[in-house]
$ cat query38.cif   # mmCIF, N, CA and C atoms
data_structure
loop_
_atom_site.group_PDB
_atom_site.id
_atom_site.type_symbol
_atom_site.label_atom_id
_atom_site.label_comp_id
_atom_site.auth_asym_id
_atom_site.auth_seq_id
_atom_site.Cartn_x
_atom_site.Cartn_y
_atom_site.Cartn_z
ATOM 1 N N MET A 194 -13.597 20.199 8.328
ATOM 2 C CA MET A 194 -15.008 19.965 8.149
ATOM 3 C C MET A 194 -15.523 20.858 7.033
ATOM 4 N N VAL A 195 -16.752 20.696 6.693
ATOM 5 C CA VAL A 195 -17.349 21.451 5.605
ATOM 6 C C VAL A 195 -17.732 22.837 6.113
ATOM 7 N N GLU A 196 -17.294 23.854 5.365
ATOM 8 C CA GLU A 196 -17.658 25.212 5.780
ATOM 9 C C GLU A 196 -19.060 25.540 5.282
ATOM 10 N N GLU A 197 -19.650 26.542 5.893
ATOM 11 C CA GLU A 197 -20.983 26.958 5.483
ATOM 12 C C GLU A 197 -20.902 27.521 4.075
ATOM 13 N N ARG A 198 -21.865 27.176 3.244
ATOM 14 C CA ARG A 198 -21.834 27.578 1.848
ATOM 15 C C ARG A 198 -23.129 28.299 1.520
ATOM 16 N N SER A 199 -23.032 29.360 0.753
ATOM 17 C CA SER A 199 -24.232 30.028 0.265
ATOM 18 C C SER A 199 -24.241 29.921 -1.251
ATOM 19 N N PHE A 200 -25.428 29.853 -1.805
ATOM 20 C CA PHE A 200 -25.584 29.688 -3.249
ATOM 21 C C PHE A 200 -26.251 30.920 -3.835
ATOM 22 N N LYS A 201 -25.871 31.214 -5.096
ATOM 23 C CA LYS A 201 -26.519 32.318 -5.798
ATOM 24 C C LYS A 201 -27.941 31.918 -6.142
ATOM 25 N N LYS A 202 -28.808 32.897 -6.145
ATOM 26 C CA LYS A 202 -30.198 32.647 -6.550
ATOM 27 C C LYS A 202 -30.240 32.554 -8.073
ATOM 28 N N SER A 203 -31.131 31.716 -8.579
ATOM 29 C CA SER A 203 -31.290 31.633 -10.029
ATOM 30 C C SER A 203 -32.361 32.619 -10.469
ATOM 31 N N ALA A 204 -32.404 32.877 -11.740
ATOM 32 C CA ALA A 204 -33.342 33.862 -12.293
ATOM 33 C C ALA A 204 -34.789 33.442 -12.074
ATOM 34 N N LEU A 205 -35.063 32.162 -12.053
ATOM 35 C CA LEU A 205 -36.445 31.694 -11.913
ATOM 36 C C LEU A 205 -36.793 31.323 -10.477
ATOM 37 N N GLY A 206 -35.972 31.657 -9.540
ATOM 38 C CA GLY A 206 -36.207 31.289 -8.150
ATOM 39 C C GLY A 206 -35.412 30.044 -7.797
ATOM 40 N N GLY A 207 -35.195 29.815 -6.563
ATOM 41 C CA GLY A 207 -34.388 28.676 -6.133
ATOM 42 C C GLY A 207 -32.906 29.019 -6.173
ATOM 43 N N PHE A 208 -32.078 28.008 -6.196
ATOM 44 C CA PHE A 208 -30.629 28.206 -6.183
ATOM 45 C C PHE A 208 -30.034 27.903 -7.547
ATOM 46 N N ASN A 209 -28.866 28.438 -7.774
ATOM 47 C CA ASN A 209 -28.151 28.197 -9.017
ATOM 48 C C ASN A 209 -27.782 26.716 -9.085
ATOM 49 N N ARG A 210 -28.261 26.053 -10.089
ATOM 50 C CA ARG A 210 -28.100 24.599 -10.242
ATOM 51 C C ARG A 210 -26.615 24.197 -10.294
ATOM 52 N N LYS A 211 -25.803 24.924 -11.039
ATOM 53 C CA LYS A 211 -24.379 24.580 -11.171
ATOM 54 C C LYS A 211 -23.669 24.654 -9.819
ATOM 55 N N ASP A 212 -23.992 25.675 -9.029
ATOM 56 C CA ASP A 212 -23.371 25.816 -7.710
ATOM 57 C C ASP A 212 -23.734 24.646 -6.793
ATOM 58 N N VAL A 213 -24.991 24.256 -6.816
ATOM 59 C CA VAL A 213 -25.455 23.161 -5.967
ATOM 60 C C VAL A 213 -24.806 21.845 -6.394
ATOM 61 N N ILE A 214 -24.763 21.599 -7.695
ATOM 62 C CA ILE A 214 -24.156 20.362 -8.205
ATOM 63 C C ILE A 214 -22.668 20.329 -7.866
ATOM 64 N N ALA A 215 -21.976 21.454 -8.026
ATOM 65 C CA ALA A 215 -20.543 21.511 -7.686
ATOM 66 C C ALA A 215 -20.329 21.215 -6.206
ATOM 67 N N TYR A 216 -21.206 21.740 -5.362
ATOM 68 C CA TYR A 216 -21.104 21.503 -3.919
ATOM 69 C C TYR A 216 -21.328 20.024 -3.591
ATOM 70 N N ILE A 217 -22.309 19.432 -4.211
ATOM 71 C CA ILE A 217 -22.598 18.010 -3.978
ATOM 72 C C ILE A 217 -21.413 17.155 -4.439
ATOM 73 N N GLU A 218 -20.818 17.497 -5.570
ATOM 74 C CA GLU A 218 -19.656 16.753 -6.056
ATOM 75 C C GLU A 218 -18.470 16.900 -5.093
ATOM 76 N N GLU A 219 -18.307 18.084 -4.554
ATOM 77 C CA GLU A 219 -17.243 18.316 -3.568
ATOM 78 C C GLU A 219 -17.465 17.448 -2.332
ATOM 79 N N LEU A 220 -18.710 17.381 -1.879
ATOM 80 C CA LEU A 220 -19.041 16.545 -0.720
ATOM 81 C C LEU A 220 -18.791 15.067 -1.015
ATOM 82 N N MET A 221 -19.145 14.622 -2.208
ATOM 83 C CA MET A 221 -18.941 13.222 -2.581
ATOM 84 C C MET A 221 -17.453 12.881 -2.590
ATOM 85 N N THR A 222 -16.629 13.787 -3.081
ATOM 86 C CA THR A 222 -15.183 13.572 -3.073
ATOM 87 C C THR A 222 -14.673 13.458 -1.646
ATOM 88 N N MET A 223 -15.155 14.336 -0.784
ATOM 89 C CA MET A 223 -14.744 14.286 0.618
ATOM 90 C C MET A 223 -15.166 12.972 1.268
ATOM 91 N N ILE A 224 -16.369 12.518 0.973
ATOM 92 C CA ILE A 224 -16.879 11.263 1.539
ATOM 93 C C ILE A 224 -16.020 10.094 1.075
ATOM 94 N N GLN A 225 -15.678 10.057 -0.221
ATOM 95 C CA GLN A 225 -14.831 8.977 -0.743
ATOM 96 C C GLN A 225 -13.460 8.987 -0.072
ATOM 97 N N THR A 226 -12.903 10.173 0.117
ATOM 98 C CA THR A 226 -11.602 10.301 0.771
ATOM 99 C C THR A 226 -11.675 9.786 2.209
ATOM 100 N N LEU A 227 -12.720 10.183 2.924
ATOM 101 C CA LEU A 227 -12.879 9.747 4.317
ATOM 102 C C LEU A 227 -13.101 8.240 4.418
ATOM 103 N N ARG A 228 -13.859 7.675 3.486
ATOM 104 C CA ARG A 228 -14.073 6.220 3.492
ATOM 105 C C ARG A 228 -12.768 5.480 3.252
ATOM 106 N N ALA A 229 -11.970 5.954 2.295
ATOM 107 C CA ALA A 229 -10.685 5.310 2.013
ATOM 108 C C ALA A 229 -9.756 5.406 3.222
ATOM 109 N N GLU A 230 -9.727 6.558 3.855
ATOM 110 C CA GLU A 230 -8.903 6.742 5.051
ATOM 111 C C GLU A 230 -9.372 5.828 6.173
ATOM 112 N N ASN A 231 -10.670 5.726 6.342
ATOM 113 C CA ASN A 231 -11.239 4.858 7.375
ATOM 114 C C ASN A 231 -10.878 3.395 7.107
ATOM 115 N N LYS A 232 -10.931 2.981 5.842
ATOM 116 C CA LYS A 232 -10.576 1.606 5.490
ATOM 117 C C LYS A 232 -9.107 1.341 5.803
ATOM 118 N N ARG A 233 -8.227 2.281 5.452
ATOM 119 C CA ARG A 233 -6.794 2.114 5.757
ATOM 120 C C ARG A 233 -6.577 1.997 7.264
ATOM 121 N N LYS A 234 -7.286 2.814 8.025
ATOM 122 C CA LYS A 234 -7.134 2.762 9.483
ATOM 123 C C LYS A 234 -7.658 1.448 10.043
ATOM 124 N N ASP A 235 -8.782 0.953 9.524
ATOM 125 C CA ASP A 235 -9.309 -0.340 9.971
ATOM 126 C C ASP A 235 -8.316 -1.459 9.679
ATOM 127 N N GLU A 236 -7.710 -1.435 8.484
ATOM 128 C CA GLU A 236 -6.718 -2.451 8.136
ATOM 129 C C GLU A 236 -5.512 -2.370 9.062
ATOM 130 N N ARG A 237 -5.077 -1.166 9.376
ATOM 131 C CA ARG A 237 -3.938 -0.970 10.277
ATOM 132 C C ARG A 237 -4.268 -1.488 11.679
ATOM 133 N N ILE A 238 -5.472 -1.193 12.151
ATOM 134 C CA ILE A 238 -5.906 -1.675 13.471
ATOM 135 C C ILE A 238 -5.917 -3.200 13.493
ATOM 136 N N ASN A 239 -6.479 -3.816 12.448
ATOM 137 C CA ASN A 239 -6.521 -5.283 12.391
ATOM 138 C C ASN A 239 -5.122 -5.876 12.388
ATOM 139 N N ASP A 240 -4.211 -5.261 11.631
ATOM 140 C CA ASP A 240 -2.831 -5.738 11.587
ATOM 141 C C ASP A 240 -2.179 -5.625 12.964
ATOM 142 N N LEU A 241 -2.379 -4.498 13.629
ATOM 143 C CA LEU A 241 -1.797 -4.311 14.961
ATOM 144 C C LEU A 241 -2.405 -5.272 15.976
ATOM 145 N N GLU A 242 -3.695 -5.551 15.857
ATOM 146 C CA GLU A 242 -4.322 -6.512 16.766
ATOM 147 C C GLU A 242 -3.738 -7.910 16.573
ATOM 148 N N ARG A 243 -3.484 -8.295 15.302
ATOM 149 C CA ARG A 243 -2.862 -9.606 15.046
ATOM 150 C C ARG A 243 -1.449 -9.646 15.631
ATOM 151 N N LYS A 244 -0.692 -8.575 15.448
ATOM 152 C CA LYS A 244 0.666 -8.531 15.989
ATOM 153 C C LYS A 244 0.653 -8.565 17.516
ATOM 154 N N LEU A 245 -0.300 -7.871 18.114
ATOM 155 C CA LEU A 245 -0.419 -7.891 19.567
ATOM 156 C C LEU A 245 -0.732 -9.294 20.064
ATOM 157 N N ALA A 246 -1.607 -9.997 19.365
ATOM 158 C CA ALA A 246 -1.941 -11.372 19.766
ATOM 159 C C ALA A 246 -0.707 -12.266 19.702
ATOM 160 N N VAL A 247 0.102 -12.095 18.661
ATOM 161 C CA VAL A 247 1.335 -12.872 18.541
ATOM 162 C C VAL A 247 2.274 -12.535 19.692
ATOM 163 N N TYR A 248 2.406 -11.250 19.974
ATOM 164 C CA TYR A 248 3.278 -10.812 21.065
ATOM 165 C C TYR A 248 2.795 -11.379 22.397
ATOM 166 N N GLU A 249 1.484 -11.299 22.651
ATOM 167 C CA GLU A 249 0.941 -11.820 23.903
ATOM 168 C C GLU A 249 1.159 -13.320 24.013
ATOM 169 N N GLU A 250 0.993 -14.035 22.887
ATOM 170 C CA GLU A 250 1.219 -15.478 22.893
ATOM 171 C C GLU A 250 2.689 -15.776 23.180
ATOM 172 N N ALA A 251 3.578 -14.990 22.592
ATOM 173 C CA ALA A 251 5.013 -15.189 22.819
ATOM 174 C C ALA A 251 5.370 -14.915 24.281
ATOM 175 N N CYS A 252 4.813 -13.857 24.835
ATOM 176 C CA CYS A 252 5.080 -13.535 26.240
ATOM 177 C C CYS A 252 4.554 -14.629 27.154
ATOM 178 N N SER A 253 3.374 -15.122 26.848
ATOM 179 C CA SER A 253 2.781 -16.185 27.642
ATOM 180 C C SER A 253 3.632 -17.448 27.564
ATOM 181 N N ALA A 254 4.072 -17.778 26.358
ATOM 182 C CA ALA A 254 4.894 -18.981 26.171
ATOM 183 C C ALA A 254 6.216 -18.852 26.921
ATOM 184 N N SER A 255 6.808 -17.665 26.872
ATOM 185 C CA SER A 255 8.097 -17.505 27.556
ATOM 186 C C SER A 255 7.932 -17.566 29.068
ATOM 187 N N SER A 256 6.817 -17.030 29.600
ATOM 188 C CA SER A 256 6.627 -17.093 31.051
ATOM 189 C C SER A 256 6.336 -18.512 31.502
ATOM 190 N N VAL A 257 5.615 -19.287 30.679
ATOM 191 C CA VAL A 257 5.352 -20.691 31.013
ATOM 192 C C VAL A 257 6.661 -21.461 31.008
ATOM 193 N N MET A 258 7.478 -21.188 30.004
ATOM 194 C CA MET A 258 8.759 -21.879 29.911
ATOM 195 C C MET A 258 9.630 -21.551 31.114
ATOM 196 N N LYS A 259 9.635 -20.299 31.536
ATOM 197 C CA LYS A 259 10.447 -19.906 32.686
ATOM 198 C C LYS A 259 9.949 -20.567 33.962
ATOM 199 N N SER A 260 8.635 -20.673 34.107
ATOM 200 C CA SER A 260 8.103 -21.232 35.338
ATOM 201 C C SER A 260 8.357 -22.739 35.434
ATOM 202 N N GLU A 261 8.429 -23.411 34.289
ATOM 203 C CA GLU A 261 8.663 -24.855 34.312
ATOM 204 C C GLU A 261 10.099 -25.174 34.712
ATOM 205 N N GLU A 262 11.030 -24.424 34.170
ATOM 206 C CA GLU A 262 12.444 -24.629 34.485
ATOM 207 C C GLU A 262 13.228 -23.444 33.956
ATOM 208 N N GLU A 263 14.463 -23.335 34.373
ATOM 209 C CA GLU A 263 15.316 -22.239 33.904
ATOM 210 C C GLU A 263 15.719 -22.525 32.454
ATOM 211 N N ILE A 264 15.286 -21.656 31.523
ATOM 212 C CA ILE A 264 15.550 -21.847 30.098
ATOM 213 C C ILE A 264 16.432 -20.707 29.614
ATOM 214 N N ASP A 265 17.355 -21.018 28.725
ATOM 215 C CA ASP A 265 18.202 -19.949 28.193
ATOM 216 C C ASP A 265 17.445 -19.114 27.160
ATOM 217 N N SER A 266 17.976 -17.947 26.879
ATOM 218 C CA SER A 266 17.289 -17.012 25.984
ATOM 219 C C SER A 266 17.155 -17.568 24.571
ATOM 220 N N GLU A 267 18.065 -18.410 24.131
ATOM 221 C CA GLU A 267 17.971 -18.989 22.787
ATOM 222 C C GLU A 267 16.708 -19.832 22.642
ATOM 223 N N SER A 268 16.377 -20.586 23.689
ATOM 224 C CA SER A 268 15.156 -21.399 23.652
ATOM 225 C C SER A 268 13.914 -20.519 23.553
ATOM 226 N N ILE A 269 13.929 -19.415 24.270
ATOM 227 C CA ILE A 269 12.791 -18.493 24.229
ATOM 228 C C ILE A 269 12.645 -17.914 22.827
ATOM 229 N N PHE A 270 13.770 -17.505 22.231
ATOM 230 C CA PHE A 270 13.705 -16.949 20.885
ATOM 231 C C PHE A 270 13.259 -17.989 19.868
ATOM 232 N N ASN A 271 13.654 -19.235 20.067
ATOM 233 C CA ASN A 271 13.189 -20.298 19.175
ATOM 234 C C ASN A 271 11.669 -20.451 19.272
ATOM 235 N N GLU A 272 11.145 -20.367 20.481
ATOM 236 C CA GLU A 272 9.698 -20.459 20.675
ATOM 237 C C GLU A 272 8.988 -19.281 20.016
ATOM 238 N N ILE A 273 9.549 -18.092 20.165
ATOM 239 C CA ILE A 273 8.975 -16.897 19.536
ATOM 240 C C ILE A 273 9.006 -17.044 18.014
ATOM 241 N N ASP A 274 10.103 -17.580 17.479
ATOM 242 C CA ASP A 274 10.194 -17.810 16.035
ATOM 243 C C ASP A 274 9.087 -18.734 15.560
ATOM 244 N N LYS A 275 8.819 -19.793 16.318
ATOM 245 C CA LYS A 275 7.742 -20.716 15.950
ATOM 246 C C LYS A 275 6.398 -20.001 15.909
ATOM 247 N N ILE A 276 6.153 -19.167 16.898
ATOM 248 C CA ILE A 276 4.888 -18.438 16.967
ATOM 249 C C ILE A 276 4.773 -17.466 15.799
ATOM 250 N N LEU A 277 5.863 -16.776 15.476
ATOM 251 C CA LEU A 277 5.838 -15.846 14.347
ATOM 252 C C LEU A 277 5.627 -16.578 13.030
ATOM 253 N N LEU A 278 6.256 -17.731 12.866
ATOM 254 C CA LEU A 278 6.029 -18.521 11.646
ATOM 255 C C LEU A 278 4.574 -18.951 11.555
ATOM 256 N N LYS A 279 3.998 -19.308 12.677
ATOM 257 C CA LYS A 279 2.580 -19.669 12.709
ATOM 258 C C LYS A 279 1.738 -18.489 12.265
ATOM 259 N N TYR A 280 2.063 -17.314 12.776
ATOM 260 C CA TYR A 280 1.340 -16.076 12.426
ATOM 261 C C TYR A 280 1.451 -15.799 10.923
ATOM 262 N N LEU A 281 2.623 -16.045 10.357
ATOM 263 C CA LEU A 281 2.841 -15.769 8.942
ATOM 264 C C LEU A 281 2.321 -16.893 8.047
ATOM 265 N N GLY A 282 1.826 -17.959 8.653
ATOM 266 C CA GLY A 282 1.292 -19.077 7.886
ATOM 267 C C GLY A 282 2.386 -19.964 7.322
ATOM 268 N N LYS A 283 3.546 -19.967 7.947
ATOM 269 C CA LYS A 283 4.676 -20.758 7.461
ATOM 270 C C LYS A 283 5.131 -21.725 8.546
ATOM 271 N N GLU A 284 4.163 -22.423 9.126
ATOM 272 C CA GLU A 284 4.489 -23.341 10.217
ATOM 273 C C GLU A 284 5.422 -24.439 9.720
ATOM 274 N N GLU A 285 6.289 -24.852 10.609
ATOM 275 C CA GLU A 285 7.247 -25.924 10.277
ATOM 276 C C GLU A 285 6.591 -27.266 10.454
#
$ encode --input "query38.cif" --output "structure tokens"
Amino acid sequence: MVEERSFKKSALGGFNRKDVIAYIEELMTMIQTLRAENKRKDERINDLERKLAVYEEACSASSVMKSEEEIDSESIFNEIDKILLKYLGKEE
């Protein structure tokens, strides 16, 4: 976080202009860094949410398939492949 900062007094009263401007620029850099980090995290969260939805759909499909009849693992993997292709936008 930002540490407490003190500024030199200027000859005419108030604070030293260069010190204040440097501090503001430092804060702006920190804000830009935090915004970029936040954007990367939001993108990562969205990606993980999409992957979770695919996983949940695959799990649901495999449980439905199992309940209908005894299916071998190859059939389940084929169904998962279809779902993943759908997720990637490469539907057959």
$ residues_around --input "query38.cif" --residues "Leu281 in chain A" --least-positions-apart "5" --cutoff "12 Å" --atoms "only C-alpha atoms" --output "list of chain:residue names"
A:Asp240, A:Arg243, A:Lys244, A:Val247, A:Asp274, A:Lys275, A:Ile276
$ atom_distance --input "query38.cif" --atom1 "CA of Asp212 in chain A" --atom2 "CA of Ser199 in chain A"
9.1 Å
$ residues_near_point --input "query38.cif" --point "(5.0, -15.3, 19.6)" --cutoff "6 Å" --atoms "all atoms listed in the file" --output "list in words"
Val247, Tyr248, Glu250, Ala251, Cys252, Glu272, Ile273, Asp274, Ile276 and Leu277 of chain A
$ atom_distance --input "query38.cif" --atom1 "atom N of Arg210 in chain A" --atom2 "atom N of Ile224 in chain A"
21.1 Å
$ atom_distance --input "query38.cif" --atom1 "CA of Thr222 in chain A" --atom2 "CA of Asn209 in chain A"
20.4 Å
$ closest_residue --input "query38.cif" --among "A:Ser268, A:Glu196, A:Leu245, A:Lys279" --to "Tyr216 in chain A" --atoms "only C-alpha atoms"
A:Glu196
